[in-house]
Amino acid sequence: MKPFKFDPPREIKDLRNMVQTSAAFFGDKDLYVYKEDKQEIHYSYNRLRDETEQFGTALNVLGIDDGHVAVISHTAARFTVTYLGTVNAGGVIVPLDPDIGHDELIKFINHAECSAVVFAEEFNGILTKRAAEMPGVKYYIPMKGDDSVDENLDNKPVVMTFDEVLALGNQALNEHNNSYYLHPIDENKLCAIIFTSGTTGTSKGVMLSEKNLATAAWASCRAVPYDSKTRLVSVLPQHHTYEMTCSHLAVINLGASEYINDSLKYTIRNFQNYKPNALVLVPLFVETVYKKIWDEIRKKGMDKKVRTLMKVSDALLKIGIDLRQKFFGQILAAMGGEVKSIICGGAPISPKILEDFYSFGIVIFEGYGITECAPLVACNPNGAAKFGSVGKPVDGERVRIDKDPIEDFGEIVVKGDNVMLGYYKDEKATKSAFTHDIKNFENNGWFKTGDIGYIDNDGYIYITGRKKNVIILSNGKNVFPEELEEHLSHCELIKESVVIGRKSEVTGEVAITALIHPDYEKLEGKSDGEVLAIIKDAVNDINRSLPAFKHMSEVEIMKEEFEKTTSKKIKRYLYK
């Protein structure tokens with residue numbers, strides 16, 4: 001696999017310095033391009049520097065520059081300003097998922113002890129009406145429009161628009177308030193509280209320091225072949241550390257440009273209009289695009305021809321002849337025609353999908369991360385990717401497998417400057433998250449990821465499943481549902497699946513059960529009974545390729561898609 005050529009990235013000393021130096025290097029170049037009130041906005045590196053200075057200085061004027069600031073919004077330039085302005089001024093940023101319930105938002109705001117809340121226009125008139133339930137919040141800051149709070153509250157908080165906050169900071173800067181730059185950077189201090197997505201039904205506040213974020217962002221810059229010529233489309237939710245660190249912070253350091261996707265339903269259209277040359281995605285999105293590509297190929301009766309071309313193209317690549325753009329230009333046009341690589345993480349992805357995309361002309365660099373590691377742990381190297389592996393540990397990261405000597409797999413544990421400080425106000429959970437060699441509660445132990453896997457002789461990491469998801473059969477054998485779900489994903493009649501272990505009330509034996517949401521478009525006109533019979537036949541075909549103890553003996557049809565987090569991970573705990 002031929003490596004991509006790219007300019008080496010600058011080291012990230014700290015996030016404030018990163019914003020300053022990027023503005024110095026890239027000035028009025030587009031950092032973001034996005035639509036606002038049907039107008040295309042070009043948001044520059046200079047503007048990011050100016051607005052983060054203003055926001056951070058305003059926090060000082062308001063007396064909360066060392067406070068906790070929640071930000072609730074879908075991806076937006078003002079999200080980035082709030083995030084960096086807060087951290088760079090000495091505060092603690094608390095990014096929250098705008099798609100969770102209002103009660104849950106209030107619970108997180110109170111648990112994180114936030115003194116200010118910045119929120120998107122969709123929350124105008126919602127949070128302020130419940131201000132009495134958030135007594136610690138002193139300031140409500142709508143990103144757009146105005147808002148108001150109940151005049152009868154005993155400790156009435158202040159509402160200031162985002163523009164008013166920036167104006168306050170700008171005035172203070174003009175009056176020589178240099179607090180933003182005089183504030184000393186303590187790289188080991190808490191600077192972010194990230195609430196995990198809760199696929200297992202629980203959500204903890206991950207405490208990250210500036211060292212954690214800077215380490216992970218710089219590792220991301222070094223791990224991927226991106227530079228100032230890179231153009232991306234931001235698709236994933238910005239409150240997730242994967243998107244914030246590996247996309248936004250890395251983009252700022254590299255001097256790249258990013259189009260902010262305005263809606264999932266317009267994603268493909270935005271790819272075609274903006275023509276990115278790189279993307280940062282999760283497997284579900286890649287799988288969806290993959291299935292659409294092959295559906296179109298089959299509709300045109302081109303399946304056999306395309307497969308033949310792929311074999312020819314792969315053979316030519318081995319002797320240094322690359323005709324993929326010529327052979328598969330129409331296929332690549334679905335993603336804008338210029339995408340050369342995709343960073344993909346967050347969940348397992350089928351090696352078959354990686355191989356097919358490579359044949360088409362797109363390299364997918366599968367990586368591995370977890371929020372508690374800010375989040376990057378490993379990534380496939382440029383020019384040396386191994387399909388099916390999540391790659392090698394990124395620079396500065398140490399990874400080992402904790403396992404019984406007689407076992408093939410074990411828990412993945414990691415150590416490095418990107419590993420979290422702990423869980424906010426949860427000492428018990430923090431201690432249990434690290435190996436027993438932890439000393440003085442200072443994270444000298446190894447962080448236990450909860451993921452099971454192995455490392456090959458070349459140092460590549462392979463993940464076989466989640467420790468919490470493992471199905472323990474009555475005979476003591478362990479089955480990882482993720483492995484079976486990957487087999488099911490290859491069936492074109494199956495859209496989504498979750499594999500679980502159910503204990504029979506009659507026999508007491510554990511039965512491996514496949515919960516399946518079929519692709520009803522391909523089964524149009526079939527009755528419920530016919531759908532079940534067809535899917536059972538498909539599952540039995542898969543069973544025949546597996547050892548007997550891994551056979552899925554029960555099949556249950558799910559008529560609706562599985563409920564997911566905003567990072568498109570299935571909430572497994574809901575399905576038992």
# chains A, B, ... in the order shown; residues from 1 in each chain; ligands from 1
$ residues_around --residues "stretch 230-232 of chain A" --least-positions-apart "6" --cutoff "7 Å" --atoms "only C-alpha atoms" --output "NGL selection string"
:A and (256-259 or 276-279)
$ select_by_dssp --residues "stretch 147-376 of chain A" --states "helix (DSSP H, G or I)" --output "count of residues only"
114
$ residues_around --residues "A:Val399" --least-positions-apart "3" --cutoff "7 Å" --atoms "only C-alpha atoms" --output "PDB file with all heavy atoms, in the first residue's frame"
ATOM      1  N   PRO A 393      -0.324   1.258  18.362  1.00  0.00           N
ATOM      2  CA  PRO A 393      -0.458   2.375  19.308  1.00  0.00           C
ATOM      3  C   PRO A 393       0.126   3.655  18.717  1.00  0.00           C
ATOM      4  O   PRO A 393       1.176   3.621  18.077  1.00  0.00           O
ATOM      5  CB  PRO A 393       0.345   1.912  20.526  1.00  0.00           C
ATOM      6  CG  PRO A 393       0.353   0.414  20.433  1.00  0.00           C
ATOM      7  CD  PRO A 393       0.381   0.107  18.965  1.00  0.00           C
ATOM      8  N   ILE A 412      -7.526  -5.162  26.866  1.00  0.00           N
ATOM      9  CA  ILE A 412      -6.593  -4.147  26.386  1.00  0.00           C
ATOM     10  C   ILE A 412      -6.442  -3.080  27.463  1.00  0.00           C
ATOM     11  O   ILE A 412      -7.435  -2.475  27.889  1.00  0.00           O
ATOM     12  CB  ILE A 412      -7.096  -3.518  25.079  1.00  0.00           C
ATOM     13  CG1 ILE A 412      -7.205  -4.589  23.987  1.00  0.00           C
ATOM     14  CG2 ILE A 412      -6.182  -2.386  24.626  1.00  0.00           C
ATOM     15  CD1 ILE A 412      -7.969  -4.138  22.759  1.00  0.00           C
ATOM     16  N   VAL A 413      -5.205  -2.864  27.930  1.00  0.00           N
ATOM     17  CA  VAL A 413      -4.946  -1.817  28.920  1.00  0.00           C
ATOM     18  C   VAL A 413      -3.917  -0.856  28.339  1.00  0.00           C
ATOM     19  O   VAL A 413      -3.033  -1.254  27.570  1.00  0.00           O
ATOM     20  CB  VAL A 413      -4.469  -2.396  30.273  1.00  0.00           C
ATOM     21  CG1 VAL A 413      -5.540  -3.285  30.883  1.00  0.00           C
ATOM     22  CG2 VAL A 413      -3.168  -3.161  30.135  1.00  0.00           C
ATOM     23  N   VAL A 414      -4.045   0.412  28.689  1.00  0.00           N
ATOM     24  CA  VAL A 414      -3.198   1.433  28.054  1.00  0.00           C
ATOM     25  C   VAL A 414      -2.614   2.395  29.076  1.00  0.00           C
ATOM     26  O   VAL A 414      -3.138   2.561  30.181  1.00  0.00           O
ATOM     27  CB  VAL A 414      -3.990   2.236  26.988  1.00  0.00           C
ATOM     28  CG1 VAL A 414      -4.539   1.338  25.921  1.00  0.00           C
ATOM     29  CG2 VAL A 414      -5.119   3.023  27.625  1.00  0.00           C
ATOM     30  N   LYS A 415      -1.529   3.022  28.667  1.00  0.00           N
ATOM     31  CA  LYS A 415      -0.869   4.015  29.512  1.00  0.00           C
ATOM     32  C   LYS A 415      -0.273   5.094  28.616  1.00  0.00           C
ATOM     33  O   LYS A 415       0.292   4.790  27.565  1.00  0.00           O
ATOM     34  CB  LYS A 415       0.229   3.341  30.331  1.00  0.00           C
ATOM     35  CG  LYS A 415       0.680   4.114  31.558  1.00  0.00           C
ATOM     36  CD  LYS A 415       1.592   3.246  32.413  1.00  0.00           C
ATOM     37  CE  LYS A 415       1.866   3.912  33.757  1.00  0.00           C
ATOM     38  NZ  LYS A 415       2.731   3.068  34.606  1.00  0.00           N
TER      39      LYS A 415
END
$ residues_around --residues "A:Val137" --least-positions-apart "3" --cutoff "7 Å" --atoms "only C-alpha atoms" --output "PyMOL selection string"
chain A and resi 114-116+134+157
$ write_last_selection --atoms "N, CA and C atoms" --output "PDB file, in the first residue's frame"
ATOM      1  N   CYS A 114     -21.730  23.379  36.873  1.00  0.00           N
ATOM      2  CA  CYS A 114     -21.534  24.424  35.864  1.00  0.00           C
ATOM      3  C   CYS A 114     -22.026  25.774  36.379  1.00  0.00           C
ATOM      4  N   SER A 115     -21.238  26.804  36.109  1.00  0.00           N
ATOM      5  CA  SER A 115     -21.644  28.159  36.493  1.00  0.00           C
ATOM      6  C   SER A 115     -22.162  28.948  35.291  1.00  0.00           C
ATOM      7  N   ALA A 116     -22.017  28.393  34.086  1.00  0.00           N
ATOM      8  CA  ALA A 116     -22.558  29.031  32.887  1.00  0.00           C
ATOM      9  C   ALA A 116     -22.958  27.942  31.898  1.00  0.00           C
ATOM     10  N   MET A 134     -31.402  24.595  38.447  1.00  0.00           N
ATOM     11  CA  MET A 134     -29.944  24.650  38.273  1.00  0.00           C
ATOM     12  C   MET A 134     -29.399  25.835  39.058  1.00  0.00           C
ATOM     13  N   PRO A 157     -30.446  34.269  37.652  1.00  0.00           N
ATOM     14  CA  PRO A 157     -29.239  34.266  36.818  1.00  0.00           C
ATOM     15  C   PRO A 157     -29.330  35.325  35.728  1.00  0.00           C
TER      16      PRO A 157
END
$ residues_around --residues "stretch 45-58 of chain A" --least-positions-apart "3" --cutoff "10 Å" --atoms "only C-alpha atoms" --output "MDAnalysis selection string"
chainID A and resid 16 18:32 42 61:65 77:78 80:91 162:173 177:181 252 255:257
$ write_last_selection --atoms "C-alpha atoms" --output "PDB file, in the first residue's frame"
ATOM      1  CA  ARG A  16      -4.001  28.451  23.466  1.00  0.00           C
ATOM      2  CA  MET A  18      -2.205  26.215  18.956  1.00  0.00           C
ATOM      3  CA  VAL A  19      -4.948  28.766  18.211  1.00  0.00           C
ATOM      4  CA  GLN A  20      -2.449  31.644  18.154  1.00  0.00           C
ATOM      5  CA  THR A  21       0.113  29.976  15.909  1.00  0.00           C
ATOM      6  CA  SER A  22      -2.519  28.626  13.513  1.00  0.00           C
ATOM      7  CA  ALA A  23      -3.897  32.151  13.094  1.00  0.00           C
ATOM      8  CA  ALA A  24      -0.346  33.417  12.498  1.00  0.00           C
ATOM      9  CA  PHE A  25       0.274  30.756   9.821  1.00  0.00           C
ATOM     10  CA  PHE A  26      -3.126  30.592   8.135  1.00  0.00           C
ATOM     11  CA  GLY A  27      -4.731  33.985   8.849  1.00  0.00           C
ATOM     12  CA  ASP A  28      -7.842  34.553   6.759  1.00  0.00           C
ATOM     13  CA  LYS A  29      -7.907  31.047   5.333  1.00  0.00           C
ATOM     14  CA  ASP A  30     -11.175  29.158   5.862  1.00  0.00           C
ATOM     15  CA  LEU A  31     -11.212  27.054   8.997  1.00  0.00           C
ATOM     16  CA  TYR A  32     -14.952  26.418   8.689  1.00  0.00           C
ATOM     17  CA  HIS A  42     -16.489  31.487   5.642  1.00  0.00           C
ATOM     18  CA  VAL A  61     -14.802  39.914  33.537  1.00  0.00           C
ATOM     19  CA  LEU A  62     -17.804  37.857  34.692  1.00  0.00           C
ATOM     20  CA  GLY A  63     -15.714  36.244  37.417  1.00  0.00           C
ATOM     21  CA  ILE A  64     -16.036  32.672  36.141  1.00  0.00           C
ATOM     22  CA  ASP A  65     -12.830  32.180  34.149  1.00  0.00           C
ATOM     23  CA  ALA A  77     -18.084  27.436  15.064  1.00  0.00           C
ATOM     24  CA  ARG A  78     -19.444  28.897  18.301  1.00  0.00           C
ATOM     25  CA  THR A  80     -15.424  25.561  19.127  1.00  0.00           C
ATOM     26  CA  VAL A  81     -15.121  29.139  20.431  1.00  0.00           C
ATOM     27  CA  THR A  82     -16.845  28.181  23.692  1.00  0.00           C
ATOM     28  CA  TYR A  83     -14.721  25.066  24.075  1.00  0.00           C
ATOM     29  CA  LEU A  84     -11.360  26.718  23.426  1.00  0.00           C
ATOM     30  CA  GLY A  85     -12.240  30.057  25.025  1.00  0.00           C
ATOM     31  CA  THR A  86     -13.178  28.299  28.265  1.00  0.00           C
ATOM     32  CA  VAL A  87     -10.168  25.971  28.401  1.00  0.00           C
ATOM     33  CA  ASN A  88      -7.686  28.662  27.373  1.00  0.00           C
ATOM     34  CA  ALA A  89      -8.993  31.036  30.043  1.00  0.00           C
ATOM     35  CA  GLY A  90      -8.443  28.444  32.783  1.00  0.00           C
ATOM     36  CA  GLY A  91     -11.952  27.023  33.021  1.00  0.00           C
ATOM     37  CA  PHE A 162     -23.284  35.163  22.665  1.00  0.00           C
ATOM     38  CA  ASP A 163     -22.724  38.407  20.770  1.00  0.00           C
ATOM     39  CA  GLU A 164     -22.974  40.356  24.048  1.00  0.00           C
ATOM     40  CA  VAL A 165     -20.394  38.067  25.650  1.00  0.00           C
ATOM     41  CA  LEU A 166     -17.994  38.596  22.729  1.00  0.00           C
ATOM     42  CA  ALA A 167     -18.584  42.361  22.859  1.00  0.00           C
ATOM     43  CA  LEU A 168     -17.886  42.378  26.607  1.00  0.00           C
ATOM     44  CA  GLY A 169     -14.624  40.510  26.037  1.00  0.00           C
ATOM     45  CA  ASN A 170     -13.629  42.785  23.162  1.00  0.00           C
ATOM     46  CA  GLN A 171     -14.223  45.887  25.274  1.00  0.00           C
ATOM     47  CA  ALA A 172     -12.124  44.456  28.094  1.00  0.00           C
ATOM     48  CA  LEU A 173      -9.320  43.612  25.653  1.00  0.00           C
ATOM     49  CA  ASN A 177      -7.426  43.221  30.179  1.00  0.00           C
ATOM     50  CA  ASN A 178      -4.748  40.617  29.417  1.00  0.00           C
ATOM     51  CA  SER A 179      -6.103  37.901  31.718  1.00  0.00           C
ATOM     52  CA  TYR A 180      -6.564  35.479  28.813  1.00  0.00           C
ATOM     53  CA  TYR A 181      -2.827  35.480  28.065  1.00  0.00           C
ATOM     54  CA  ILE A 252      -6.934  23.674  13.596  1.00  0.00           C
ATOM     55  CA  GLY A 255      -4.389  24.437   8.969  1.00  0.00           C
ATOM     56  CA  ALA A 256      -6.960  22.336   7.125  1.00  0.00           C
ATOM     57  CA  SER A 257     -10.522  23.378   6.246  1.00  0.00           C
TER      58      SER A 257
END
$ residues_around --residues "stretch 487-499 of chain A" --least-positions-apart "2" --cutoff "9 Å" --atoms "only C-alpha atoms" --output "number ranges by chain"
A: 291, 350, 352, 480-485, 501, 512-523, 534-535, 538-539, 542, 552, 558, 561-562, 570, 572, 575
$ residues_around --residues "A:Arg222" --least-positions-apart "5" --cutoff "12 Å" --atoms "only C-alpha atoms" --output "list in words"
Phe6, Asp7, Pro8, Pro9, Arg10, Glu11, Ile12, Thr215, Ala216, Ala217, Asp227, Cys246, Ala250, Val251, Asn253, Leu254, Leu376, Ala378, Cys379, Asn380, Pro381, Asn382, Pro393, Val394, Asp395 and Gly396 of chain A
$ write_last_selection --atoms "C-alpha atoms" --output "PDB file, in the first residue's frame"
ATOM      1  CA  PHE A   6       1.808  15.130   3.469  1.00  0.00           C
ATOM      2  CA  ASP A   7       3.512  17.999   5.291  1.00  0.00           C
ATOM      3  CA  PRO A   8       4.650  17.132   8.858  1.00  0.00           C
ATOM      4  CA  PRO A   9       2.442  18.693  11.563  1.00  0.00           C
ATOM      5  CA  ARG A  10       3.490  21.258  14.148  1.00  0.00           C
ATOM      6  CA  GLU A  11       3.773  20.055  17.730  1.00  0.00           C
ATOM      7  CA  ILE A  12       0.896  21.150  19.970  1.00  0.00           C
ATOM      8  CA  THR A 215      -1.406  14.731  23.422  1.00  0.00           C
ATOM      9  CA  ALA A 216      -4.322  13.037  21.656  1.00  0.00           C
ATOM     10  CA  ALA A 217      -4.764  15.856  19.123  1.00  0.00           C
ATOM     11  CA  ASP A 227      -2.112  18.707   6.288  1.00  0.00           C
ATOM     12  CA  CYS A 246      -9.377  13.909  15.952  1.00  0.00           C
ATOM     13  CA  ALA A 250      -6.384  18.344  14.667  1.00  0.00           C
ATOM     14  CA  VAL A 251      -7.779  20.430  11.785  1.00  0.00           C
ATOM     15  CA  ASN A 253      -3.361  22.544  14.188  1.00  0.00           C
ATOM     16  CA  LEU A 254      -2.916  21.353  10.614  1.00  0.00           C
ATOM     17  CA  LEU A 376      -7.009   8.165  20.529  1.00  0.00           C
ATOM     18  CA  ALA A 378      -4.227   3.353  18.018  1.00  0.00           C
ATOM     19  CA  CYS A 379      -4.461   3.884  14.269  1.00  0.00           C
ATOM     20  CA  ASN A 380      -3.367   2.036  11.155  1.00  0.00           C
ATOM     21  CA  PRO A 381      -0.121   3.573   9.850  1.00  0.00           C
ATOM     22  CA  ASN A 382       0.022   5.509   6.604  1.00  0.00           C
ATOM     23  CA  PRO A 393      -0.458   2.375  19.308  1.00  0.00           C
ATOM     24  CA  VAL A 394      -0.053   6.056  18.399  1.00  0.00           C
ATOM     25  CA  ASP A 395       3.102   7.921  19.404  1.00  0.00           C
ATOM     26  CA  GLY A 396       3.516   8.109  23.174  1.00  0.00           C
TER      27      GLY A 396
END
$ select_by_dssp --residues "stretch 128-267 of chain A" --states "strand (DSSP E)" --output "list of chain:residue names"
A:Tyr139, A:Tyr140, A:Ile141, A:Pro142, A:Val158, A:Val159, A:Leu190, A:Cys191, A:Ala192, A:Ile193, A:Ile194, A:Phe195, A:Gly205, A:Val206, A:Met207, A:Leu208, A:Ser209, A:Arg231, A:Leu232, A:Val233, A:Ser234, A:Ser257, A:Glu258, A:Tyr259, A:Ile260
$ write_last_selection --atoms "C-alpha atoms" --output "compact mmCIF listing (two decimals), in the first residue's frame"
# COMPACT_ATOMS: atom_id res chain seq x y z
CA TYR A 139 -25.16 32.85 33.29
CA TYR A 140 -27.26 31.56 30.42
CA ILE A 141 -25.73 32.32 27.01
CA PRO A 142 -27.86 31.61 23.92
CA VAL A 158 -28.12 36.59 34.04
CA VAL A 159 -28.96 36.00 30.38
CA LEU A 190 -8.78 19.44 34.87
CA CYS A 191 -10.01 21.28 31.76
CA ALA A 192 -12.87 19.13 30.40
CA ILE A 193 -15.60 16.86 31.75
CA ILE A 194 -16.94 14.54 29.07
CA PHE A 195 -20.00 12.44 29.82
CA GLY A 205 -18.01 12.25 33.74
CA VAL A 206 -14.55 11.64 32.27
CA MET A 207 -12.04 14.20 33.56
CA LEU A 208 -9.50 15.29 30.96
CA SER A 209 -6.55 17.63 31.34
CA ARG A 231 -10.62 19.43 3.17
CA LEU A 232 -13.08 17.60 5.38
CA VAL A 233 -16.82 17.57 6.02
CA SER A 234 -17.71 17.46 9.70
CA SER A 257 -10.52 23.38 6.25
CA GLU A 258 -13.79 21.81 7.32
CA TYR A 259 -17.33 22.10 5.98
CA ILE A 260 -19.90 21.80 8.77
